[in-house]
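Novice: Here it is: the structure, laid out below.
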Amino acid sequence: MPKPKFPYAGDAALKGLLQRYRCPAPFHVVRMRFWGEIVSPSLQASPIKTIESLWPNGLPNFEDGKEANAFFQALMGLWNNVARFQDGSLRNRPDPTKKTRQFGAAAASYSPRRSRRSNIAESSKR
């Protein structure tokens, strides 16, 4: 039986869901908690336990099973969205800041004292 696929609703929808169910952790914390569990070497890593841990006083109450199902599917969509990078689908891309880094390294090696001394030495030669 194939694994069920939970579509990712998007950051804005998940932020709204977390607010609606009064999650004490903001979205970026939830995402990083998921990421931490996914990359953890622990064999006990579980998305359901991680979701439960986000509400220290227990999971929110749901009107019915349909609402609970939508809640967990949305959070599992986030889990799967974060987990997709574990399979190597996140590729290294050319670094657009490479030139900036080279400039930064050159600027970091610049010594105002050395420059000032050379200016003083040049002016004393005149």
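Convention: chains lettered A, B, ... in structure tokens order; per-chain residue numbering from 1; ligands numbered from 1 as shown.
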Taking only residues of segment 2-56 of chain A that have an atom at most 7 Å from an atom of segment 60-82 of chain A, what is each one's shortest atom pair and its distance in Å to one decimal, using only C-alpha atoms, in chain and number order, as a Markdown table?

Specialist:
```
| residue | atom | partner | partner_atom | distance |
| --- | --- | --- | --- | --- |
| A:Phe6 | CA | A:Gly77 | CA | 4.7 |
| A:Pro7 | CA | A:Gly77 | CA | 5.2 |
| A:Tyr8 | CA | A:Gly77 | CA | 4.3 |
| A:Ala9 | CA | A:Ala74 | CA | 6.6 |
| A:Tyr21 | CA | A:Pro60 | CA | 6.3 |
| A:Phe34 | CA | A:Trp79 | CA | 6.1 |
| A:Trp35 | CA | A:Val82 | CA | 6.3 |
```

Novice: Restricting it to C-alpha atoms, dump the selection as a PDB file, in the first residue's frame.

Specialist:
```pdb
ATOM      1  CA  PHE A   6      -0.473  15.065   2.216  1.00  0.00           C
ATOM      2  CA  PRO A   7      -0.341  18.202   0.062  1.00  0.00           C
ATOM      3  CA  TYR A   8       1.398  21.197   1.552  1.00  0.00           C
ATOM      4  CA  ALA A   9      -1.091  24.030   2.040  1.00  0.00           C
ATOM      5  CA  TYR A  21      -5.749  26.257  17.297  1.00  0.00           C
ATOM      6  CA  PHE A  34       9.856  19.213  12.523  1.00  0.00           C
ATOM      7  CA  TRP A  35      13.235  19.598  10.835  1.00  0.00           C
TER       8      TRP A  35
END
```

Novice: Would you mind listing what lies within 12 Å of Ser53 of chain A as a ChimeraX atom specification, with only C-alpha atoms counted and same-chain residues fewer than 4 positions away left out?

Specialist: /A:23-25,30,33-34,37,46-49,57-60

Novice: Would you work out the distance separating atom CA of Glu52 of chain A from atom CA of Lys5 of chain A, expressed in Å to one decimal?

Specialist: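 For atom CA of Glu52 of chain A relative to atom CA of Lys5 of chain A, the distance reads 20.5 Å.
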